[in-house]
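This is data.txt. It holds compact mmCIF, C-alpha atoms and all ligand atoms.
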```
# COMPACT_ATOMS: atom_id res chain seq x y z
CA MET C 13 -42.73 -51.15 19.24
CA ASN C 14 -40.03 -51.02 16.65
CA ASP C 15 -38.28 -47.82 15.58
CA ASN C 16 -38.58 -48.69 11.95
CA PRO C 17 -41.99 -50.12 11.10
CA LEU C 18 -42.75 -50.70 7.41
CA LEU C 19 -46.14 -49.04 7.85
CA HIS C 20 -47.11 -46.69 10.63
CA ILE C 21 -50.74 -45.67 11.06
CA GLN C 22 -50.64 -42.56 13.26
CA LYS C 23 -53.83 -41.19 14.81
CA VAL C 24 -55.73 -41.70 11.59
CA SER C 25 -59.33 -40.50 11.44
CA LYS C 26 -61.84 -40.46 8.62
CA HIS C 27 -65.16 -38.66 8.53
CA PHE C 28 -67.80 -39.02 5.84
CA GLY C 29 -70.05 -36.07 6.49
CA GLY C 30 -71.33 -36.72 10.00
CA VAL C 31 -70.16 -40.35 10.07
CA THR C 32 -66.87 -41.11 11.82
CA ALA C 33 -65.59 -44.18 10.00
CA LEU C 34 -62.24 -44.16 11.82
CA HIS C 35 -61.21 -42.42 15.01
CA GLN C 36 -57.56 -41.81 15.86
CA VAL C 37 -56.37 -45.27 14.93
CA ASN C 38 -52.74 -46.14 15.72
CA PHE C 39 -50.79 -49.25 14.87
CA GLU C 40 -47.65 -50.45 13.15
CA VAL C 41 -46.90 -53.17 10.66
CA GLN C 42 -43.37 -54.54 10.82
CA GLU C 43 -41.45 -55.68 7.79
CA ASN C 44 -42.33 -59.25 6.76
CA GLN C 45 -45.13 -59.49 9.29
CA ILE C 46 -48.59 -60.86 8.61
CA LYS C 47 -50.85 -58.50 10.49
CA GLY C 48 -54.57 -59.07 10.80
CA LEU C 49 -57.14 -56.27 10.85
CA ILE C 50 -60.48 -57.48 12.11
CA GLY C 51 -63.72 -56.08 13.44
CA PRO C 52 -67.46 -56.29 12.87
CA ASN C 53 -69.01 -55.02 9.63
CA GLY C 54 -68.80 -51.25 9.41
CA ALA C 55 -65.79 -51.08 11.77
CA GLY C 56 -63.75 -49.12 9.20
CA LYS C 57 -61.42 -51.79 7.83
CA THR C 58 -62.01 -51.16 4.13
CA THR C 59 -61.95 -47.41 4.75
CA LEU C 60 -58.47 -47.77 6.23
CA PHE C 61 -57.37 -49.78 3.18
CA ASN C 62 -58.81 -47.06 0.98
CA MET C 63 -56.69 -44.48 2.78
CA ILE C 64 -53.47 -46.52 2.86
CA SER C 65 -53.76 -47.11 -0.87
CA GLY C 66 -54.60 -43.48 -1.62
CA PHE C 67 -58.20 -43.97 -2.77
CA TYR C 68 -59.46 -41.65 -0.01
CA PRO C 69 -57.61 -38.84 1.76
CA VAL C 70 -57.31 -39.08 5.54
CA SER C 71 -59.37 -36.55 7.52
CA SER C 72 -56.54 -36.29 10.04
CA GLY C 73 -53.46 -38.19 11.12
CA GLN C 74 -50.62 -39.65 9.11
CA ILE C 75 -49.91 -42.83 7.23
CA VAL C 76 -46.16 -43.40 6.98
CA PHE C 77 -44.59 -46.08 4.77
CA GLN C 78 -40.85 -46.72 4.99
CA GLY C 79 -40.45 -43.41 6.72
CA GLN C 80 -42.35 -41.48 4.02
CA SER C 81 -45.73 -39.88 4.58
CA LEU C 82 -48.34 -41.14 2.11
CA THR C 83 -50.88 -38.60 3.16
CA SER C 84 -50.69 -36.37 0.10
CA LEU C 85 -49.67 -38.94 -2.51
CA PRO C 86 -52.02 -40.06 -5.29
CA ALA C 87 -52.94 -43.75 -5.56
CA PHE C 88 -50.66 -44.53 -8.50
CA GLN C 89 -47.60 -43.24 -6.65
CA ILE C 90 -48.49 -45.26 -3.58
CA ALA C 91 -48.73 -48.34 -5.81
CA LYS C 92 -45.30 -47.48 -7.24
CA LEU C 93 -43.87 -47.42 -3.73
CA GLY C 94 -45.03 -51.03 -3.40
CA ILE C 95 -48.39 -50.92 -1.63
CA ILE C 96 -50.81 -53.09 -3.57
CA ARG C 97 -54.30 -54.15 -2.58
CA THR C 98 -57.02 -56.58 -3.47
CA PHE C 99 -60.68 -55.71 -3.16
CA GLN C 100 -63.45 -56.98 -0.91
CA ASN C 101 -65.58 -57.20 -4.07
CA VAL C 102 -63.29 -58.78 -6.64
CA LYS C 103 -62.38 -56.30 -9.38
CA LEU C 104 -61.17 -58.01 -12.53
CA PHE C 105 -61.49 -57.22 -16.22
CA PRO C 106 -64.10 -59.82 -17.18
CA ASN C 107 -63.42 -59.56 -20.92
CA LEU C 108 -59.68 -60.01 -20.65
CA THR C 109 -58.14 -63.44 -20.28
CA VAL C 110 -56.83 -64.72 -16.99
CA GLN C 111 -53.27 -64.13 -18.19
CA GLU C 112 -54.03 -60.60 -19.40
CA ASN C 113 -55.60 -59.75 -16.07
CA VAL C 114 -52.37 -60.68 -14.33
CA MET C 115 -50.31 -58.71 -16.84
CA VAL C 116 -52.32 -55.57 -16.10
CA GLY C 117 -50.79 -55.68 -12.62
CA GLY C 118 -47.33 -55.11 -14.12
CA TYR C 119 -47.99 -51.93 -16.03
CA SER C 120 -47.33 -49.60 -13.13
CA HIS C 121 -43.71 -50.81 -13.44
CA SER C 122 -43.61 -50.64 -17.25
CA LYS C 123 -40.30 -49.18 -18.42
CA SER C 124 -41.27 -48.65 -22.02
CA GLY C 125 -44.38 -46.63 -21.27
CA LEU C 126 -47.83 -46.73 -22.75
CA PHE C 127 -46.87 -45.06 -26.04
CA SER C 128 -44.30 -47.64 -27.03
CA LEU C 129 -46.55 -50.46 -25.82
CA ILE C 130 -49.34 -49.22 -28.11
CA CYS C 131 -46.96 -48.79 -31.04
CA ASN C 132 -45.31 -52.18 -30.50
CA LEU C 133 -41.83 -50.69 -30.36
CA PRO C 134 -39.05 -53.30 -29.86
CA LYS C 135 -38.40 -52.37 -26.26
CA SER C 136 -42.06 -52.86 -25.43
CA VAL C 137 -42.27 -56.14 -27.35
CA ARG C 138 -39.40 -57.41 -25.18
CA GLU C 139 -41.12 -56.14 -22.07
CA GLU C 140 -44.41 -57.68 -23.12
CA LYS C 141 -42.67 -61.06 -23.41
CA GLU C 142 -41.20 -60.66 -19.93
CA PHE C 143 -44.61 -59.74 -18.56
CA HIS C 144 -46.08 -62.75 -20.26
CA SER C 145 -43.70 -65.23 -18.70
CA ARG C 146 -43.85 -63.59 -15.29
CA ALA C 147 -47.64 -63.64 -15.39
CA GLN C 148 -47.57 -67.34 -16.23
CA GLU C 149 -45.19 -68.01 -13.32
CA LEU C 150 -47.55 -66.20 -10.97
CA LEU C 151 -50.54 -68.14 -12.28
CA ASP C 152 -48.62 -71.34 -11.54
CA TYR C 153 -47.76 -69.94 -8.12
CA VAL C 154 -51.39 -69.35 -7.11
CA GLY C 155 -52.56 -72.62 -8.66
CA LEU C 156 -54.23 -71.29 -11.82
CA SER C 157 -51.75 -72.51 -14.41
CA GLY C 158 -54.30 -74.34 -16.55
CA TYR C 159 -56.62 -71.35 -16.92
CA SER C 160 -54.53 -68.64 -18.56
CA THR C 161 -56.47 -68.41 -21.84
CA LEU C 162 -59.96 -68.37 -20.30
CA TYR C 163 -61.83 -65.13 -19.84
CA ALA C 164 -61.62 -64.02 -16.23
CA SER C 165 -65.42 -64.03 -16.07
CA ALA C 166 -65.42 -67.77 -16.83
CA LEU C 167 -63.55 -68.60 -13.63
CA PRO C 168 -65.46 -69.74 -10.56
CA PHE C 169 -65.50 -67.12 -7.82
CA GLY C 170 -62.84 -68.73 -5.62
CA GLN C 171 -60.41 -68.75 -8.52
CA GLN C 172 -61.21 -65.13 -9.35
CA ARG C 173 -59.97 -64.28 -5.87
CA LEU C 174 -56.73 -66.16 -6.54
CA LEU C 175 -56.43 -64.35 -9.85
CA GLU C 176 -56.71 -61.02 -8.07
CA ILE C 177 -53.89 -62.06 -5.77
CA ALA C 178 -51.74 -63.08 -8.77
CA ARG C 179 -52.38 -59.67 -10.35
CA ALA C 180 -51.41 -57.96 -7.11
CA LEU C 181 -48.17 -59.98 -6.97
CA MET C 182 -47.40 -58.94 -10.56
CA ALA C 183 -47.14 -55.38 -9.28
CA LYS C 184 -44.24 -56.46 -7.01
CA PRO C 185 -45.71 -55.41 -3.68
CA LYS C 186 -43.66 -54.73 -0.59
CA LEU C 187 -46.89 -54.48 1.35
CA LEU C 188 -49.92 -56.45 0.22
CA LEU C 189 -53.34 -55.40 1.52
CA LEU C 190 -55.84 -58.25 1.30
CA ASP C 191 -59.48 -57.27 1.89
CA GLU C 192 -61.52 -60.33 2.91
CA PRO C 193 -59.77 -62.74 0.55
CA ALA C 194 -61.63 -65.75 1.99
CA ALA C 195 -65.13 -64.32 1.50
CA GLY C 196 -67.13 -66.64 -0.73
CA LEU C 197 -64.49 -69.40 -0.69
CA SER C 198 -65.19 -73.02 0.13
CA ILE C 199 -63.45 -74.69 3.07
CA PRO C 200 -60.80 -76.40 0.89
CA GLU C 201 -60.21 -73.10 -0.94
CA ARG C 202 -59.70 -71.36 2.40
CA LYS C 203 -57.11 -73.91 3.35
CA LEU C 204 -55.24 -73.27 0.11
CA LEU C 205 -55.53 -69.53 0.68
CA ALA C 206 -53.94 -69.88 4.13
CA GLU C 207 -51.05 -71.76 2.57
CA LEU C 208 -50.73 -69.18 -0.19
CA ILE C 209 -50.58 -66.32 2.32
CA GLY C 210 -47.76 -68.12 4.14
CA LYS C 211 -45.92 -68.65 0.84
CA ILE C 212 -46.29 -64.99 -0.09
CA ARG C 213 -44.70 -63.92 3.17
CA LYS C 214 -41.75 -66.19 2.38
CA LEU C 215 -41.22 -64.09 -0.75
CA GLY C 216 -40.38 -61.23 1.62
CA ILE C 217 -43.76 -59.53 1.23
CA THR C 218 -45.47 -57.98 4.24
CA ILE C 219 -49.21 -58.59 4.51
CA LEU C 220 -52.04 -56.66 6.12
CA LEU C 221 -55.05 -58.95 6.13
CA VAL C 222 -58.67 -57.94 6.64
CA GLU C 223 -60.70 -61.07 7.15
CA HIS C 224 -63.84 -62.35 8.85
CA ASP C 225 -62.77 -65.98 8.91
CA MET C 226 -61.41 -66.14 12.45
CA ASP C 227 -59.79 -69.53 12.03
CA LEU C 228 -57.80 -68.21 9.08
CA VAL C 229 -56.85 -65.00 10.88
CA MET C 230 -55.78 -66.81 14.04
CA LYS C 231 -53.79 -69.32 12.02
CA VAL C 232 -51.82 -67.03 9.73
CA CYS C 233 -51.41 -63.71 11.56
CA ASP C 234 -48.50 -62.83 13.83
CA GLU C 235 -50.48 -59.99 15.35
CA ILE C 236 -54.02 -58.71 15.08
CA VAL C 237 -55.61 -55.28 15.41
CA VAL C 238 -59.28 -55.17 16.35
CA LEU C 239 -61.47 -52.27 15.28
CA GLU C 240 -64.96 -51.49 16.49
CA PHE C 241 -66.98 -48.49 15.30
CA GLY C 242 -63.80 -46.97 13.89
CA SER C 243 -61.69 -47.27 17.04
CA LYS C 244 -58.95 -49.72 17.90
CA ILE C 245 -60.17 -51.80 20.85
CA ALA C 246 -57.39 -54.38 21.03
CA GLU C 247 -54.08 -55.39 19.53
CA GLY C 248 -51.93 -58.44 20.10
CA THR C 249 -51.27 -62.04 19.19
CA ALA C 250 -54.13 -64.42 18.41
CA ALA C 251 -53.78 -65.94 21.88
CA GLY C 252 -53.70 -62.49 23.43
CA ILE C 253 -56.87 -61.13 21.85
CA GLN C 254 -59.19 -64.07 21.53
CA ASN C 255 -60.33 -64.02 25.13
CA ASN C 256 -60.24 -60.24 25.42
CA PRO C 257 -63.66 -59.22 26.83
CA ARG C 258 -63.91 -56.13 24.60
CA VAL C 259 -63.23 -58.21 21.52
CA LEU C 260 -65.77 -60.86 22.54
CA ALA C 261 -68.35 -58.16 23.25
CA ALA C 262 -67.70 -56.51 19.87
CA TYR C 263 -68.48 -59.77 18.13
CA LEU C 264 -71.60 -60.61 20.13
CA GLY C 265 -74.52 -60.53 17.77
CA GLU C 266 -72.23 -60.78 14.75
CA GLU C 267 -72.07 -63.99 12.92
CA VAL C 268 -68.45 -65.05 13.31
CA ASN C 269 -67.38 -67.32 10.53
CA HIS C 270 -65.68 -70.40 11.87
CA ALA C 271 -65.55 -72.18 8.52
N1 LIG G 1 -67.55 -43.66 0.59
C1 LIG G 1 -68.24 -43.62 1.75
N2 LIG G 1 -69.16 -42.67 2.00
C2 LIG G 1 -69.84 -42.63 3.15
N3 LIG G 1 -69.67 -43.50 4.16
C3 LIG G 1 -68.77 -44.49 3.98
C4 LIG G 1 -68.01 -44.61 2.76
N4 LIG G 1 -67.18 -45.68 2.88
C5 LIG G 1 -67.43 -46.20 4.10
N5 LIG G 1 -68.37 -45.50 4.76
C6 LIG G 1 -68.87 -45.75 6.12
O1 LIG G 1 -67.76 -45.94 6.96
C7 LIG G 1 -68.01 -46.97 7.91
C8 LIG G 1 -66.96 -48.04 7.79
O2 LIG G 1 -67.16 -48.76 6.59
P1 LIG G 1 -66.12 -49.83 6.05
O3 LIG G 1 -64.77 -49.25 6.09
O4 LIG G 1 -66.61 -50.30 4.73
O5 LIG G 1 -66.25 -50.99 7.14
P2 LIG G 1 -65.71 -52.48 7.14
O6 LIG G 1 -64.83 -52.67 5.94
O7 LIG G 1 -64.99 -52.62 8.43
O8 LIG G 1 -66.93 -53.35 7.09
C9 LIG G 1 -69.43 -47.44 7.66
O9 LIG G 1 -70.30 -46.74 8.51
C10 LIG G 1 -69.65 -47.06 6.21
O10 LIG G 1 -71.02 -46.86 5.96
MG MG G 2 -64.96 -53.97 4.36
```
Here is a file; write its structure as structure tokens.
Amino acid sequence: MNDNPLLHIQKVSKHFGGVTALHQVNFEVQENQIKGLIGPNGAGKTTLFNMISGFYPVSSGQIVFQGQSLTSLPAFQIAKLGIIRTFQNVKLFPNLTVQENVMVGGYSHSKSGLFSLICNLPKSVREEKEFHSRAQELLDYVGLSGYSTLYASALPFGQQRLLEIARALMAKPKLLLLDEPAAGLSIPERKLLAELIGKIRKLGITILLVEHDMDLVMKVCDEIVVLEFGSKIAEGTAAGIQNNPRVLAAYLGEEVNHA
């Protein structure tokens, strides 16, 4: 326990009609930590991401970021505070180029505003140039430098995932929520992803990682929270949870991906 966690999930519950997707979940994410959030399909991981990022309201409980409750804030304000997510099902603009997709991530921080961007006012032209070069840097950073002028839809799936991460970084996250970033990736791509996650942390960014690839989770996470049927059943280091009988039982019958 730390008095000043970056993110504090406090007794958070979520009901969809009669379905309890999350039940009184508590945990903390410390600044500059890589925290894993795992659990069988349907455990409530994406639902929690949807609440942290303001896509869904909580049914009860509190989500506190840097001491501020997020509970009644709309999604765009939560993004402005520095909580940025990627999606389990990649969400890109297929008819924009790779570079443009990254630039979209920067507009929540746009100083000139949409009006001056549309009208090509000088301030926005300058900003557009800055966005352009920053987007290119981020494409280099994730290993997509040669692809900037392609349509996003022309990229193979693994690279679309990297593009989504570059777009998220463009939004200058303090806390990055990654929802199954390794899903659909080849083994070499997973290795690169693990390295990329480590590099992102070195930028001073805190990461909450939902992932089914146990090898990846165990390798990159400082601590892991395990959910089952919406409840937290374990929390600790990789070594601490991997022989936990409740965790093993939760995964029995689930195909655990050891790729
Ligand atoms: N928008 C929704 N409406 C109704 N039920 C939902 C909705 N989103 C998620 N659920 C339910 O909440 C539970 C948790 O789902 P989810 O958070 O997607 O799990 P996970 O990401 O861990 O696989 C599931 O039972 C799912 O069917
Ligand atoms: Mg999910």
7 Å shell around ligand MG 2 (chain G) using all atoms listed in the file, listed as a compact mmCIF listing (two decimals) with C-alpha atoms, keeping the file's coordinate frame:
```txt
# COMPACT_ATOMS: atom_id res chain seq x y z
CA ASN C 53 -69.01 -55.02 9.63
CA GLY C 54 -68.80 -51.25 9.41
CA GLY C 56 -63.75 -49.12 9.20
CA LYS C 57 -61.42 -51.79 7.83
CA THR C 58 -62.01 -51.16 4.13
CA GLN C 100 -63.45 -56.98 -0.91
CA ASP C 191 -59.48 -57.27 1.89
```
- Message: Give me, as a VMD selection string, the set of residues whose atoms come within 10 Å of any atom of ligand LIG 1 (chain G), counting all atoms listed in the file.
- Response: chain C and resid 26 to 34 49 to 63 67 to 68 100 191 to 192 222 to 224 239 to 242
May I have the residues within 7 Å of Ser25 (chain C) as a PDB file with C-alpha atoms, in the frame of the given file, using only C-alpha atoms and disregarding those fewer than 6 positions away in the same chain?
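Contents of result_15.pdb, freshly written:
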```pdb
ATOM      1  CA  LEU C  34     -62.240 -44.160  11.820  1.00  0.00           C
ATOM      2  CA  HIS C  35     -61.210 -42.420  15.010  1.00  0.00           C
ATOM      3  CA  GLN C  36     -57.560 -41.810  15.860  1.00  0.00           C
ATOM      4  CA  VAL C  37     -56.370 -45.270  14.930  1.00  0.00           C
ATOM      5  CA  VAL C  70     -57.310 -39.080   5.540  1.00  0.00           C
ATOM      6  CA  SER C  71     -59.370 -36.550   7.520  1.00  0.00           C
ATOM      7  CA  SER C  72     -56.540 -36.290  10.040  1.00  0.00           C
ATOM      8  CA  GLY C  73     -53.460 -38.190  11.120  1.00  0.00           C
TER       9      GLY C  73
END
```
- Within 8 Å of Gly117 (chain C) using all atoms listed in the file, minus same-chain residues under 4 positions, as a VMD selection string: chain C and resid 113 179 to 183
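Here the question is which of C:Glu201, C:Glu140, C:Glu176, C:Asp234 gets nearest to Leu221 (chain C) using all atoms listed in the file, and that residue is C:Asp234.
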- Note on the structure: CA of Thr218 (chain C) sits from CA of Ile64 (chain C) at a separation of 14.0 Å
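Candidate residues C:Arg97, C:Lys214, C:Lys92, C:Arg202 were compared for distance to Gln171 (chain C), and the nearest is C:Arg202, using all atoms listed in the file.
Taking CA of Ile219 (chain C) and CA of Ala87 (chain C) as the two end points, the separation is 18.3 Å.
CA of Tyr153 (chain C) lies 9.2 Å from CA of Lys211 (chain C).
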- Who sits within 10 Å of Asn44 (chain C), only C-alpha atoms, same chain under 4 positions skipped, as an MDAnalysis selection string: chainID C and resid 18 186:187 212:219
- Looking at only C-alpha atoms, which of C:Leu104, C:Glu112, C:Leu204, C:Leu188 is the one that sits closest to Phe169 (chain C)?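 Closest to Phe169 (chain C) of all the choices is C:Leu104.
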